[in-house]
Amino acid sequence: MLLGEKDSSLYMAERAYQEYKKIGKENYAAVLLSTLIEHYLEKGNLKKGKELISEYFDKSGVVDRHGDVKPGHEMIYHLLGKLYEVDHKPDSAAYYYRKLISQATRLNSLESGYRGLLDVFSEKGVADSVTKYANLFADTKDSSSLLLSAADINRAQALYDYTEYQKNANEKSLDNNRLIIILVCLMTMFAIISLSLYVYIKHRTAKRQKYIQALSDNYADTMRLYRQALTDMKIMELNFEDAKKAKSEEIEKLHQALSTYSEYSNEADWDAEQSLMANSVVIRLHEHAKMGNAATASERSDLILLTSEFLPDFYRYITNDTLGLSERDVFVCVLTRLHFIPSEVGNLLGIKKQSITNLRSDLNKKLFGESGAKSFNSNIYRI
């Protein structure tokens with residue numbers, strides 16, 4: 001069974017009072033005693049009422065040394081008036097009711113004060129005072145009613161304003177949701193476009209790499225045929241004039257074909273370098289480049305050593321201490337002199353196209369004082 005509203009308030013006040021006492025908040029507990037004091041006074045238990053009023057004055061912290069309470073807590077005077085009224089001490093009761101009226105900060109304090117004085121003078125039978133305080137009590141009651149009505153109007157206005165606010169908030173929420181949907185769509189479109197662009201660039205790059213690899217393969221095949229033709233010509237040098245003439249023409253055609261893979265070719269020294277280019281180390285490096293594999297440190301050293309034997313002047317030039325070339329730089333110079341194209345050099349070094357272009361440009365600057373990589377091959381061939 002549910003407690004009545006009054007009993008429920010009493011229960012809650014008692015419980016809160018006990019909880020504050022448990023945690024040592026004596027002042028908070030004392031401030032809550034007004035409900036309990038009023039209960040005991042209504043029951044006629046003056047002893048308990050006096051005890052609780054004393055505790056309120058001693059421990060609440062809202063009463064100064066002159067016995068006056070802080071603004072907002074003046075209703076304790078109503079309880080003191082009620083205490084003396086129940087104790088049949090009307091003059092003392094009237095004193096506290098008047099003190100309540102003089103220090104009232106709210107209409108309900110005035111109403112309680114006037115009601116208390118009305119009760120006191122009704123009990124004493126003082127007609128003039130009864131009429132006076134009855135009128136004052138009625139006026140205060142009417143003012144309270146007006147304030148309550150105004151409060152109701154304000155609450156109604158506030159409710160209307162809140163409803164309008166909720167309506168506007170819902171509209172803004174819909175607008176925000178639409179904006180979010182638009183942003184999500186735009187981001188999705190951007191992601192699709194970016195992905196498509198990435199796939200397109202990747203496809204173009206793969207196609208370009210395939211073309212470069214095919215170019216490298218064709219160059220390697222042409223170089224192999226050229227070396228084979230030279231070998232065949234040496235075999236048929238004596239007494240095979242017709243075969244020699246045909247092979248010479250084949251060599252010239254292959255020579256021209258090889259020229260298309262290089263920016264410059266020193267034709268006077270071309271054949272003299274063939275014994276070096278036909279070496280197994282060089283052939284193996286062409287195969288590595290064709291497969292896209294990098295040269296080992298041992299293969300680099302072997303090729304540089306081989307160059308020092310077959311092309312001593314060239315070797316001395318590029319290894320001059322004043323140039324300060326690294327082992328990798330010397331390797332690039334040797335590969336270029338032996339007609340390895342840039343894509344092959346990049347594969348043997350394990351670096352990308354732009355990196356090999358930058359490296360060739362730097363070497364052209366160091367060796368010949370020229371900018372860019374375009375003239376690097378022709379400069380190397382002239383050494």
# chains A, B, ... in the order shown; residues from 1 in each chain; ligands from 1
$ residues_around --residues "A:Leu32" --least-positions-apart "3" --cutoff "9 Å" --atoms "only C-alpha atoms" --output "VMD selection string"
chain A and resid 13 to 14 16 to 17 27 to 29 35 to 36 56 60
$ select_by_dssp --residues "stretch 7-239 of chain A" --states "helix (DSSP H, G or I)" --output "ChimeraX atom specification"
/A:7-22,26-31,33-42,46-59,76-86,90-102,107-124,127-235
$ closest_residue --among "A:Ser343, A:Ser280, A:Gln354, A:Asn377" --to "A:Tyr211" --atoms "only C-alpha atoms"
A:Ser343
$ residues_around --residues "A:Val86" --least-positions-apart "3" --cutoff "12 Å" --atoms "only C-alpha atoms" --output "ChimeraX atom specification"
/A:38,40-47,49-50,79-83,89-93,116,119-120,123
$ atom_distance --atom1 "atom CA of A:His66" --atom2 "atom CA of A:Ala104"
17.5 Å
$ residues_around --residues "stretch 276-279 of chain A" --least-positions-apart "2" --cutoff "9 Å" --atoms "only C-alpha atoms" --output "list of chain:residue names"
A:Arg224, A:Arg227, A:Ala272, A:Glu273, A:Gln274, A:Val281, A:Val282, A:Ile283, A:Arg284, A:Leu306, A:Thr307, A:Phe310, A:Leu311, A:Leu338, A:His339
$ residues_around --residues "A:His286" --least-positions-apart "4" --cutoff "8 Å" --atoms "only C-alpha atoms" --output "PyMOL selection string"
chain A and resi 220+282+290+340+344
$ write_last_selection --atoms "all heavy atoms" --output "PDB file, in the first residue's frame"
ATOM      1  N   ALA A 220      68.576  -6.997 -76.125  1.00  0.00           N
ATOM      2  CA  ALA A 220      69.425  -8.137 -75.766  1.00  0.00           C
ATOM      3  C   ALA A 220      69.482  -9.157 -76.913  1.00  0.00           C
ATOM      4  O   ALA A 220      70.547  -9.707 -77.230  1.00  0.00           O
ATOM      5  CB  ALA A 220      68.904  -8.787 -74.490  1.00  0.00           C
ATOM      6  N   VAL A 282      79.393 -10.253 -69.085  1.00  0.00           N
ATOM      7  CA  VAL A 282      78.507  -9.283 -69.719  1.00  0.00           C
ATOM      8  C   VAL A 282      77.221  -9.955 -70.192  1.00  0.00           C
ATOM      9  O   VAL A 282      76.117  -9.429 -70.004  1.00  0.00           O
ATOM     10  CB  VAL A 282      79.224  -8.588 -70.900  1.00  0.00           C
ATOM     11  CG1 VAL A 282      78.280  -7.627 -71.600  1.00  0.00           C
ATOM     12  CG2 VAL A 282      80.476  -7.881 -70.420  1.00  0.00           C
ATOM     13  N   LYS A 290      67.331  -8.664 -68.344  1.00  0.00           N
ATOM     14  CA  LYS A 290      66.141  -9.122 -69.062  1.00  0.00           C
ATOM     15  C   LYS A 290      65.107  -9.697 -68.100  1.00  0.00           C
ATOM     16  O   LYS A 290      63.897  -9.490 -68.275  1.00  0.00           O
ATOM     17  CB  LYS A 290      66.555 -10.179 -70.085  1.00  0.00           C
ATOM     18  CG  LYS A 290      65.399 -10.700 -70.934  1.00  0.00           C
ATOM     19  CD  LYS A 290      65.908 -11.698 -71.958  1.00  0.00           C
ATOM     20  CE  LYS A 290      64.752 -12.242 -72.793  1.00  0.00           C
ATOM     21  NZ  LYS A 290      65.214 -13.218 -73.806  1.00  0.00           N
ATOM     22  N   PHE A 340      74.685  -1.022 -72.286  1.00  0.00           N
ATOM     23  CA  PHE A 340      73.490  -1.384 -71.526  1.00  0.00           C
ATOM     24  C   PHE A 340      72.576  -0.161 -71.514  1.00  0.00           C
ATOM     25  O   PHE A 340      73.010   0.949 -71.175  1.00  0.00           O
ATOM     26  CB  PHE A 340      73.849  -1.766 -70.083  1.00  0.00           C
ATOM     27  CG  PHE A 340      74.435  -3.141 -69.940  1.00  0.00           C
ATOM     28  CD1 PHE A 340      75.767  -3.393 -70.263  1.00  0.00           C
ATOM     29  CD2 PHE A 340      73.646  -4.192 -69.482  1.00  0.00           C
ATOM     30  CE1 PHE A 340      76.300  -4.654 -70.115  1.00  0.00           C
ATOM     31  CE2 PHE A 340      74.182  -5.466 -69.328  1.00  0.00           C
ATOM     32  CZ  PHE A 340      75.515  -5.699 -69.661  1.00  0.00           C
ATOM     33  N   GLU A 344      67.972  -1.418 -68.451  1.00  0.00           N
ATOM     34  CA  GLU A 344      68.783  -2.542 -67.986  1.00  0.00           C
ATOM     35  C   GLU A 344      69.607  -2.141 -66.771  1.00  0.00           C
ATOM     36  O   GLU A 344      69.712  -2.902 -65.797  1.00  0.00           O
ATOM     37  CB  GLU A 344      69.726  -3.005 -69.108  1.00  0.00           C
ATOM     38  CG  GLU A 344      69.038  -3.740 -70.243  1.00  0.00           C
ATOM     39  CD  GLU A 344      70.049  -4.313 -71.222  1.00  0.00           C
ATOM     40  OE1 GLU A 344      70.799  -3.526 -71.831  1.00  0.00           O
ATOM     41  OE2 GLU A 344      70.095  -5.558 -71.355  1.00  0.00           O
TER      42      GLU A 344
END
$ closest_residue --among "A:Tyr114, A:Tyr133, A:Tyr200, A:Phe121" --to "A:Arg98" --atoms "only C-alpha atoms"
A:Tyr114
$ residues_around --residues "A:Tyr77" --least-positions-apart "5" --cutoff "7 Å" --atoms "only C-alpha atoms" --output "ChimeraX atom specification"
/A:96-97,99-100
$ write_last_selection --atoms "C-alpha atoms" --output "PDB file, in the first residue's frame"
ATOM      1  CA  TYR A  96       7.562  34.845  16.674  1.00  0.00           C
ATOM      2  CA  TYR A  97       4.726  35.256  14.166  1.00  0.00           C
ATOM      3  CA  LYS A  99       9.224  38.177  13.616  1.00  0.00           C
ATOM      4  CA  LEU A 100       8.314  35.856  10.770  1.00  0.00           C
TER       5      LEU A 100
END
$ closest_residue --among "A:Gln103, A:Asn218, A:Asp329, A:Lys253" --to "A:Glu287" --atoms "only C-alpha atoms"
A:Asn218
